[in-house]
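Okay, structure first, notes after.
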Amino acid sequence: MSTVAETSMTLTPEHDSRPSASVRSRLQDALPKIVLAPSFAATIVFVYGFILWTIYLSFTNSKTFPSYAITGPRAYQRLWRWTFESDPPSSWYTSITNMGIFGFLYIFICLALGLFLAILLDQKIRGEGMLRPIYLYPMALSFIVTGVAWKWFLDPGLGLEQTLHQWGWTSFHFDWIKNKDFVIYTVVIAGVWQASGFIMAMFLAGLRGIDGEIMKAAQIDGATTFQLYRRIVIPLLRPVFLSAFIVLAHLAIKSYDLVVALTSGGPGGSAWLPSNFMYEYTFKRNEMAVGSASAVIMLMTITAIIVPYLYSELREKPR
Amino acid sequence: MSVVTTTARQDTGGTNTKTLNRIVIYGLLALFALFYLMPLFVMLVTSFKTMDEIQNGNMLSLPRAPTFEPWLKAWGETCVGLTCAGIKGYFWNSIKMVVPAVLISTLLGALNGYVLTKWRFRGHTLVFGLMLFACFIPFQSVLLPMATILGSLGRFGVTLQNATGLTFGLGNPTVNLVFVHVVYGLGFTTLFFRNYYEAFPTELIKAAQVDGASFFQIFRRIMLPNSMPIFVVTVIYQFTNIWNDFLFASAYAGTGDSMPMTVALNNVVNTSTGVVEYNVNMAAAMIAALPTLLVYVLAGRYFVRGLMAGAVKG
């Protein structure tokens, strides 16, 4: 979720290691590395080693239990075939189509709504201190929890539809959560509800960081508020857009409990995202190799987004 | 930048437009506040209603005769799968998992951050980069190998027990989850402390070294007393994440008595036998939400700071 703020790279070690005869002082010199070693080793083994293990499994014929005889890229061939199997849609086709719809709408609406709310909140609002935590709290709660309420709210027989019927709008019809073509949009609504407050906070912090002098100068030049934001403020927020995009993109690809809690997978698995596909195929449908292959594809998608970003962040910066 | 409007328009627009603008802004802000609050509100009011009132009433109306019954039932009687002893056991499971996992991962993160900023060595950026990337991976890509390893450790634990009478925690789902959360939380905790210590004056460390202070003495006497804010941020961040985790919990402790709260809640809500007791479900959800909600209300500022740690560049 977070990214690196800043790094200064020193090529020379900050404490010089003078050659010393005594074991004790040599131990002192090595101590920092000894302290870091367990964490680093754990990362290498349990993150990178396990990723390699998953990649390996994706090239085997593993079903219920892992098998370690390489049988070639069959799992990927099957996924590739399923990618185009749209009628009737394969689970994989549904998952990646949903990922496209969900990813695009979730990122776009969160950015737009987050920016909009941040701009509104930045108008010297009384009660800002009360509103901000209200917009942000969904991020602190598990969606397994809030999903209980959302599920209820979206249920045609109980929630919004029922309430509006009671209030007299009897023609109102809203059953997306039960409709296999629309269920993914309910996941978008709930996802936006959860993350947009956080994106608002990011934009608000960005807005507060803008030099007030620039704004004043533009106002003196006669710029309208709209022009001020379009021409000056939003371009200045470009780094925030990038960070927010990175945060949202990786949240979108990782979304799992959202679908489980809200739809239990939707009618016939119609709300699945690749993360749900992976879980179901690996642990429920005994297609371990296919599950692993889908995990590898998820990982590669995130890597393509994150690695260039981290690289540019961790590189030496001119000061 | 082009200047289109005249200042005259702003002047004549006068107070009327201004008041109207303010009304629109406050109206929109209030509307969105309702949007964000609605699910919590529905959960809260429903958890105090009787089933009768739920079936015949409006979901947004306040309970006519508030009752604690659903909360008591959720805590002590409701059925999770086939066991009907409430969610209290699972609540404690989560506590037993969260406390050690948060403490261990935070302490390790502090030490890592200390080494990576004040005791740099060749390649420290690469080490940090590798640990940082681990924050972003979809956990699906490590889920299966970890399940295999935990499975083998569990079998080894049984052998140990037969031989020595002790399992040393091997095969215990809570211990497993603590381990998993520590390992996959290290990237975040290290990131938090590293960025915080980056700004900490290195001269102080140098001076202490000259005075003969050792690695751990410096950490304990100089770094720790000055790390309170980042400790709060990290503890809250880790607490929220681990308490709310569902993926690891359902993969490694998805059945039986060791389920954490999130998995148990999902089972309660999706139990399809008998009449669905919405009030009990909502009360169970509220109980599951309380710890993180409490932390958020008491220290929301630090929570937000954790979320944003470094995400916004100045």
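Here's how to read the names in the structure tokens: chain A, B, ... by the order shown, residue numbers from 1 in each chain, ligand numbers from 1 in the order shown.
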
With a distance cut-off of 8 Å and only C-alpha atoms, select the neighbouring residues of A:Tyr135, excluding the residue or stretch itself and same-chain residues fewer than 4 positions from it, and output the selection as a PyMOL selection string. (chain A and resi 131+196-198) or (chain B and resi 32-33+36)

Dump of N, CA and C atoms for the selected residues, as a PDB file, in the first residue's frame:
```
ATOM      1  N   LEU A 131     -15.491  15.412   9.132  1.00  0.00           N
ATOM      2  CA  LEU A 131     -15.828  14.749   7.873  1.00  0.00           C
ATOM      3  C   LEU A 131     -14.734  13.782   7.415  1.00  0.00           C
ATOM      4  N   SER A 196     -12.148   5.078  -1.736  1.00  0.00           N
ATOM      5  CA  SER A 196     -12.129   6.451  -2.237  1.00  0.00           C
ATOM      6  C   SER A 196     -11.781   7.461  -1.153  1.00  0.00           C
ATOM      7  N   GLY A 197     -12.169   7.179   0.103  1.00  0.00           N
ATOM      8  CA  GLY A 197     -11.827   8.094   1.192  1.00  0.00           C
ATOM      9  C   GLY A 197     -10.325   8.210   1.377  1.00  0.00           C
ATOM     10  N   PHE A 198      -9.663   7.088   1.225  1.00  0.00           N
ATOM     11  CA  PHE A 198      -8.211   7.084   1.358  1.00  0.00           C
ATOM     12  C   PHE A 198      -7.557   7.886   0.229  1.00  0.00           C
TER      13      PHE A 198
ATOM     14  N   PHE B  32     -22.120  12.887   0.769  1.00  0.00           N
ATOM     15  CA  PHE B  32     -21.106  11.837   0.726  1.00  0.00           C
ATOM     16  C   PHE B  32     -20.860  11.252   2.114  1.00  0.00           C
ATOM     17  N   ALA B  33     -20.949  12.096   3.138  1.00  0.00           N
ATOM     18  CA  ALA B  33     -20.789  11.569   4.496  1.00  0.00           C
ATOM     19  C   ALA B  33     -21.856  10.502   4.757  1.00  0.00           C
ATOM     20  N   TYR B  36     -20.902   7.248   3.010  1.00  0.00           N
ATOM     21  CA  TYR B  36     -19.874   6.467   3.699  1.00  0.00           C
ATOM     22  C   TYR B  36     -20.395   5.877   5.005  1.00  0.00           C
TER      23      TYR B  36
END
```

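Take atom CA of B:Ala288 and atom CA of B:Ala134: the distance between them is 27.8 Å.
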
Any idea what's packed within 10 Å of stretch 285-301 of chain A, counting only C-alpha atoms, ignoring anything in its chain fewer than 5 positions away? Could you give it as a ChimeraX atom specification? /A:51-67,73-79,92,249-250,253-254,274-280,306 /B:136-145

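Among the candidates B:Phe168, B:Tyr26, B:Tyr114, B:Phe303, the residue lying nearest to A:Lys124 is B:Tyr26 (atoms considered: only C-alpha atoms).
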
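Of the listed residues (A:Ala190, A:Ala42, A:Ile119, A:Met200), A:Ala42 comes nearest to chain B; the distances count only C-alpha atoms.
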
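Note that atom CA of A:Arg238 and atom CA of A:Ala217 are 20.5 Å apart.
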